[in-house]
Every structure is written in structure tokens, then in C-alpha cells.
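J.: Starting off with a structure, shown below.
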Amino acid sequence: KAGVTQTPRYLIKTRGQQVTLSCSPISGHRSVSWYQQTPGQGLQFLFEYFSETQRNKGNFPGRFSGRQFSNSRSEMNVSTLELGDSALYLCASSLGGQGTYNEQFFGPGTRLTVL
Amino acid sequence: GENVEQHPSTLSVQEGDSAVIKCTYSDSASNYFPWYKQELGKRPQLIIDIRSNVGEKKDQRIAVTLNKTAKHFSLHITETQPEDSAVYFCAASKVKNQGGKLIFGQGTELSVKP
């Protein structure tokens, strides 16, 4: 099976702009989780989508949002970009069944730089 | 709130030695504990995981132990090799309602010297 893919791999934006990142999960996986990775804060959970619904949410401001489509592909959007949003954004997919131990498999990430 | 503490932040060993990385979690409802290895410029890769109904799990040179009472779990790598050099992350989650939410430790940079 093909692994988790993310597009684009690199992005450079300026403060105040908005950005959309895309994640395609492993075939058959219905859950997509998003994480922000920075040297200072490590890996932090943003949100999880399952069957087109947000199932879990981390402690990020409302500028960070996401959605999931019927084919399980997911997008996340960051509006009004700030310098501190510069990070590697990782998505991970899993089977997602409720109450099961869902191994998460990560994509390669999108490196976002905000100038 | 939910928190995972990981120690040490850096670890340097000689090839062939063992390496141990320790994590402590705060939420007693956590019941799934994966470990990820991230090489420079690469994605995190799941190397081993343990569930709360198991005390120990081994996979070749890698083992993980879990102490639910102490809310503590550890990664053990034996016979380390240079290719084990990477950043290792522990994580915890609650399967029942939050299976897709992993809380990560801060990471351990392991360096294996030939």
C-alpha cells in the first residue's frame, strides 16, 4: 500500500496570509490526525478527523482549522499567519475504529516558513 | 492536563551498548503507548508500541516496558548500531474516545558512536 502523502512539501508565506495543506491517508484508513512539530514545542496535536467529522481537538487557536472529505483525504487551513506558525506540519493516518488501538502512520510533512 | 515527560533529552552511547529512554505520563486513563523514531529530515516512524494490558513487549533488539502504577514506560535498545542514531519520541493516548490524539514527549536525541 502507498504510504501517507502530504502536499505541498514546502511553503513560504508572509504574515497575514493564509495557507492550506493537504494529506492523503493510507488506503482504507479513515482517521487523519494533524500535528505541529517545532524545535521548541516538539510534536503537538492539532486535531483529528474521522468520517468527515472532527473527533478530537488540541489547544490551538481558531486560526487553525481542518476538514475531511468523503475519500478520507484531509486538509488543514491556517489563517492570518504569524511568524510563530513556522513549523513542520505532519499528518498521520490510522484505521480509526472507535475503541481500537489505532497505530498512526505519518506523512513526510509540509515545511511551512512564515516571513 | 495531559502531559508526557521524556528523559533524557540527549543520549550518547558506544556501538554495542544498550540505551534506555524513560517516559512518564500524567493521565491515568491513557492505555496505548507508541514509540516513534525520527531520522533527520524524515517522518516519524512507529517502531514499537505497548497496550496497558501488557507489561513488556519485545521486537528483536527493541523492548518496551510499562508500569501502570507508576505511570511510567521505557524503551530499551540493546546492541546499539550507528543506524539507531535518531530522535526517539514516546507518546500516550486514550483509545476509548481519543485514539487519534497522541500526546508526545519532548524527544530523545540518541547518538551511537562507532
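By order in the C-alpha cells, chains are A, B, ...; within a chain, residues start at 1; ligands start at 1, following the order shown.
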Please report as a VMD selection string which residues of chain B come no farther than 9 Å from chain A, using only C-alpha atoms.
T.: chain B and resid 31 to 32 34 41 to 46 49 51 89 94 to 107
J.: What does the file look like for those residues with N, CA, C and O atoms, as an mmCIF file, in the first residue's frame?
T.:
data_model
loop_
_atom_site.group_PDB
_atom_site.id
_atom_site.type_symbol
_atom_site.label_atom_id
_atom_site.label_comp_id
_atom_site.auth_asym_id
_atom_site.auth_seq_id
_atom_site.Cartn_x
_atom_site.Cartn_y
_atom_site.Cartn_z
ATOM 1 N N ASN B 31 -3.964 4.421 27.719
ATOM 2 C CA ASN B 31 -3.833 2.976 27.641
ATOM 3 C C ASN B 31 -3.124 2.473 26.383
ATOM 4 O O ASN B 31 -3.115 1.278 26.087
ATOM 5 N N TYR B 32 -2.529 3.386 25.626
ATOM 6 C CA TYR B 32 -1.786 2.983 24.434
ATOM 7 C C TYR B 32 -0.538 3.850 24.363
ATOM 8 O O TYR B 32 -0.634 5.084 24.448
ATOM 9 N N PRO B 34 2.826 4.305 22.073
ATOM 10 C CA PRO B 34 3.725 4.009 20.949
ATOM 11 C C PRO B 34 5.051 4.752 21.074
ATOM 12 O O PRO B 34 5.148 5.776 21.765
ATOM 13 N N GLY B 41 15.358 14.899 8.934
ATOM 14 C CA GLY B 41 14.689 15.193 7.679
ATOM 15 C C GLY B 41 13.651 14.161 7.247
ATOM 16 O O GLY B 41 13.114 14.256 6.145
ATOM 17 N N LYS B 42 13.381 13.189 8.118
ATOM 18 C CA LYS B 42 12.430 12.144 7.753
ATOM 19 C C LYS B 42 11.172 12.223 8.632
ATOM 20 O O LYS B 42 11.135 12.947 9.614
ATOM 21 N N ARG B 43 10.195 11.438 8.266
ATOM 22 C CA ARG B 43 8.952 11.390 9.043
ATOM 23 C C ARG B 43 9.130 10.504 10.265
ATOM 24 O O ARG B 43 9.963 9.595 10.256
ATOM 25 N N PRO B 44 8.373 10.724 11.329
ATOM 26 C CA PRO B 44 8.406 9.785 12.472
ATOM 27 C C PRO B 44 7.920 8.414 12.024
ATOM 28 O O PRO B 44 6.918 8.308 11.300
ATOM 29 N N GLN B 45 8.614 7.372 12.473
ATOM 30 C CA GLN B 45 8.233 6.001 12.127
ATOM 31 C C GLN B 45 7.956 5.220 13.396
ATOM 32 O O GLN B 45 8.774 5.231 14.329
ATOM 33 N N LEU B 46 6.841 4.545 13.418
ATOM 34 C CA LEU B 46 6.461 3.716 14.554
ATOM 35 C C LEU B 46 7.404 2.525 14.640
ATOM 36 O O LEU B 46 7.584 1.781 13.668
ATOM 37 N N ASP B 49 5.042 -0.483 20.041
ATOM 38 C CA ASP B 49 4.007 0.096 20.887
ATOM 39 C C ASP B 49 3.608 -0.915 21.953
ATOM 40 O O ASP B 49 3.903 -2.105 21.842
ATOM 41 N N ARG B 51 0.330 -1.824 24.905
ATOM 42 C CA ARG B 51 -1.006 -1.526 25.402
ATOM 43 C C ARG B 51 -1.039 -1.716 26.902
ATOM 44 O O ARG B 51 -0.216 -2.438 27.458
ATOM 45 N N PHE B 89 10.734 9.468 20.093
ATOM 46 C CA PHE B 89 9.614 10.088 20.796
ATOM 47 C C PHE B 89 8.731 9.019 21.419
ATOM 48 O O PHE B 89 8.359 8.048 20.749
ATOM 49 N N LYS B 94 -5.474 7.754 24.798
ATOM 50 C CA LYS B 94 -6.604 7.057 25.396
ATOM 51 C C LYS B 94 -7.428 6.502 24.251
ATOM 52 O O LYS B 94 -8.043 7.246 23.506
ATOM 53 N N VAL B 95 -7.449 5.200 24.166
ATOM 54 C CA VAL B 95 -8.053 4.582 22.992
ATOM 55 C C VAL B 95 -9.545 4.824 22.914
ATOM 56 O O VAL B 95 -10.091 5.071 21.847
ATOM 57 N N LYS B 96 -10.224 4.800 24.043
ATOM 58 C CA LYS B 96 -11.692 4.746 24.021
ATOM 59 C C LYS B 96 -12.314 5.892 23.231
ATOM 60 O O LYS B 96 -13.113 5.693 22.338
ATOM 61 N N ASN B 97 -11.954 7.100 23.543
ATOM 62 C CA ASN B 97 -12.574 8.249 22.888
ATOM 63 C C ASN B 97 -11.591 9.119 22.124
ATOM 64 O O ASN B 97 -11.992 9.989 21.373
ATOM 65 N N GLN B 98 -10.307 8.910 22.358
ATOM 66 C CA GLN B 98 -9.326 9.816 21.781
ATOM 67 C C GLN B 98 -8.184 9.058 21.131
ATOM 68 O O GLN B 98 -7.024 9.421 21.273
ATOM 69 N N GLY B 99 -8.539 7.997 20.422
ATOM 70 C CA GLY B 99 -7.496 7.164 19.842
ATOM 71 C C GLY B 99 -6.621 7.894 18.855
ATOM 72 O O GLY B 99 -5.475 7.532 18.656
ATOM 73 N N GLY B 100 -7.160 8.935 18.220
ATOM 74 C CA GLY B 100 -6.379 9.643 17.226
ATOM 75 C C GLY B 100 -5.561 10.774 17.777
ATOM 76 O O GLY B 100 -4.953 11.528 17.027
ATOM 77 N N LYS B 101 -5.537 10.921 19.093
ATOM 78 C CA LYS B 101 -4.818 12.021 19.720
ATOM 79 C C LYS B 101 -3.648 11.464 20.500
ATOM 80 O O LYS B 101 -3.819 10.837 21.542
ATOM 81 N N LEU B 102 -2.459 11.681 19.982
ATOM 82 C CA LEU B 102 -1.241 11.257 20.652
ATOM 83 C C LEU B 102 -0.631 12.457 21.376
ATOM 84 O O LEU B 102 -0.482 13.532 20.787
ATOM 85 N N ILE B 103 -0.288 12.263 22.647
ATOM 86 C CA ILE B 103 0.454 13.258 23.407
ATOM 87 C C ILE B 103 1.906 12.789 23.440
ATOM 88 O O ILE B 103 2.201 11.709 23.956
ATOM 89 N N PHE B 104 2.794 13.611 22.907
ATOM 90 C CA PHE B 104 4.183 13.211 22.734
ATOM 91 C C PHE B 104 5.082 13.761 23.841
ATOM 92 O O PHE B 104 4.849 14.848 24.383
ATOM 93 N N GLY B 105 6.115 12.997 24.153
ATOM 94 C CA GLY B 105 7.211 13.504 24.956
ATOM 95 C C GLY B 105 8.063 14.431 24.108
ATOM 96 O O GLY B 105 7.858 14.551 22.897
ATOM 97 N N GLN B 106 9.027 15.076 24.745
ATOM 98 C CA GLN B 106 9.828 16.087 24.058
ATOM 99 C C GLN B 106 10.903 15.502 23.150
ATOM 100 O O GLN B 106 11.543 16.236 22.398
ATOM 101 N N GLY B 107 11.127 14.208 23.217
ATOM 102 C CA GLY B 107 12.094 13.576 22.336
ATOM 103 C C GLY B 107 13.446 13.355 22.985
ATOM 104 O O GLY B 107 13.856 14.111 23.875
#
J.: Check the smallest atom-to-atom distance from each of B:Glu56, B:Ile50, B:Glu15, B:Pro8 to Tyr88 of chain B using only C-alpha atoms, then report the winner.
T.: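 So, comparing all the options, the nearest one is B:Pro8.
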J.: Just the number, please: distance in Å from atom CA of Thr53 of chain A to atom CA of Arg9 of chain A, one decimal.
T.: 25.2 Å
J.: Any idea what the distance is between atom CA of Cys23 of chain B and atom CA of Phe73 of chain B?
T.: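 Here the two named atoms are 5.4 Å from each other.
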J.: Env of Asp84 of chain B: 9 Å cut, atoms = only C-alpha atoms, seq-sep filter 2 positions within chain, self excluded. Answer as a PyMOL selection string.
T.: chain B and resi 37+39+77+80-82+86+110-112
J.: Could you save those same residues with N, CA, C and O atoms as a PDB file, in the first residue's frame?
T.:
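Here's the written file again-v8.pdb:
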ATOM      1  N   LYS B  37      10.545   6.713  15.926  1.00  0.00           N
ATOM      2  CA  LYS B  37      11.927   7.066  15.611  1.00  0.00           C
ATOM      3  C   LYS B  37      11.894   8.055  14.447  1.00  0.00           C
ATOM      4  O   LYS B  37      11.222   7.794  13.442  1.00  0.00           O
ATOM      5  N   GLU B  39      14.452  10.066  11.997  1.00  0.00           N
ATOM      6  CA  GLU B  39      15.783  10.400  11.490  1.00  0.00           C
ATOM      7  C   GLU B  39      15.732  11.802  10.898  1.00  0.00           C
ATOM      8  O   GLU B  39      14.672  12.309  10.532  1.00  0.00           O
ATOM      9  N   ILE B  77      16.946  -0.328  23.991  1.00  0.00           N
ATOM     10  CA  ILE B  77      17.573  -0.769  22.745  1.00  0.00           C
ATOM     11  C   ILE B  77      18.866  -1.463  23.115  1.00  0.00           C
ATOM     12  O   ILE B  77      19.733  -0.868  23.773  1.00  0.00           O
ATOM     13  N   THR B  80      23.304  -1.568  20.391  1.00  0.00           N
ATOM     14  CA  THR B  80      23.056  -0.406  19.530  1.00  0.00           C
ATOM     15  C   THR B  80      24.012  -0.370  18.340  1.00  0.00           C
ATOM     16  O   THR B  80      25.174  -0.813  18.421  1.00  0.00           O
ATOM     17  N   GLN B  81      23.498   0.167  17.235  1.00  0.00           N
ATOM     18  CA  GLN B  81      24.256   0.292  15.994  1.00  0.00           C
ATOM     19  C   GLN B  81      24.191   1.745  15.537  1.00  0.00           C
ATOM     20  O   GLN B  81      23.266   2.478  15.905  1.00  0.00           O
ATOM     21  N   PRO B  82      25.148   2.197  14.737  1.00  0.00           N
ATOM     22  CA  PRO B  82      25.132   3.600  14.276  1.00  0.00           C
ATOM     23  C   PRO B  82      23.805   4.002  13.623  1.00  0.00           C
ATOM     24  O   PRO B  82      23.371   5.144  13.772  1.00  0.00           O
ATOM     25  N   ALA B  86      19.150   8.686  16.028  1.00  0.00           N
ATOM     26  CA  ALA B  86      17.923   9.375  15.591  1.00  0.00           C
ATOM     27  C   ALA B  86      17.319  10.053  16.821  1.00  0.00           C
ATOM     28  O   ALA B  86      17.844   9.943  17.929  1.00  0.00           O
ATOM     29  N   LEU B 110      19.335  10.333  20.282  1.00  0.00           N
ATOM     30  CA  LEU B 110      20.272   9.244  20.545  1.00  0.00           C
ATOM     31  C   LEU B 110      21.404   9.280  19.525  1.00  0.00           C
ATOM     32  O   LEU B 110      21.150   9.314  18.317  1.00  0.00           O
ATOM     33  N   SER B 111      22.625   9.247  20.028  1.00  0.00           N
ATOM     34  CA  SER B 111      23.803   9.195  19.163  1.00  0.00           C
ATOM     35  C   SER B 111      24.586   7.925  19.499  1.00  0.00           C
ATOM     36  O   SER B 111      24.962   7.717  20.655  1.00  0.00           O
ATOM     37  N   VAL B 112      24.801   7.091  18.494  1.00  0.00           N
ATOM     38  CA  VAL B 112      25.548   5.854  18.681  1.00  0.00           C
ATOM     39  C   VAL B 112      26.893   6.021  17.994  1.00  0.00           C
ATOM     40  O   VAL B 112      26.957   6.144  16.756  1.00  0.00           O
TER      41      VAL B 112
END
J.: Give me, as a list in words, all polymer residues having an atom no more than 8 Å from Val78 of chain A, counting only C-alpha atoms and skipping those fewer than 3 positions away in the same chain.
T.: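 Selected residues are Gln18, Val19, Thr20, Arg63, Phe64, Ser65 and Leu81 of chain A.
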J.: Tell me, which residues of chain A carry DSSP strand (DSSP E or B), written as a PyMOL selection string?
T.: chain A and resi 5-7+10-13+19-24+31-38+42-50+53-57+64-68+74-78+87-94+105-106+110-114
J.: Select, from A:Tyr89, A:Ser51, A:Leu115, A:Gly16, the residue with the minimum atom-to-atom distance to Met76 of chain A, counting only C-alpha atoms.
T.: A:Tyr89
J.: Which residue gives the smallest distance to Thr108 of chain B among B:Thr24, B:Gln60, B:Asn3, B:Ser9, with only C-alpha atoms counted?
T.: B:Ser9
J.: How many Å lie between atom CA of Val20 of chain B and atom CA of His76 of chain B, rounded to one decimal?
T.: 4.7 Å
J.: Could you name the residues that touch Ser22 of chain A at 7 Å or less, counting only C-alpha atoms, but leaving out those on the same chain fewer than 3 positions away, as a PyMOL selection string?
T.: chain A and resi 6-7+74-76
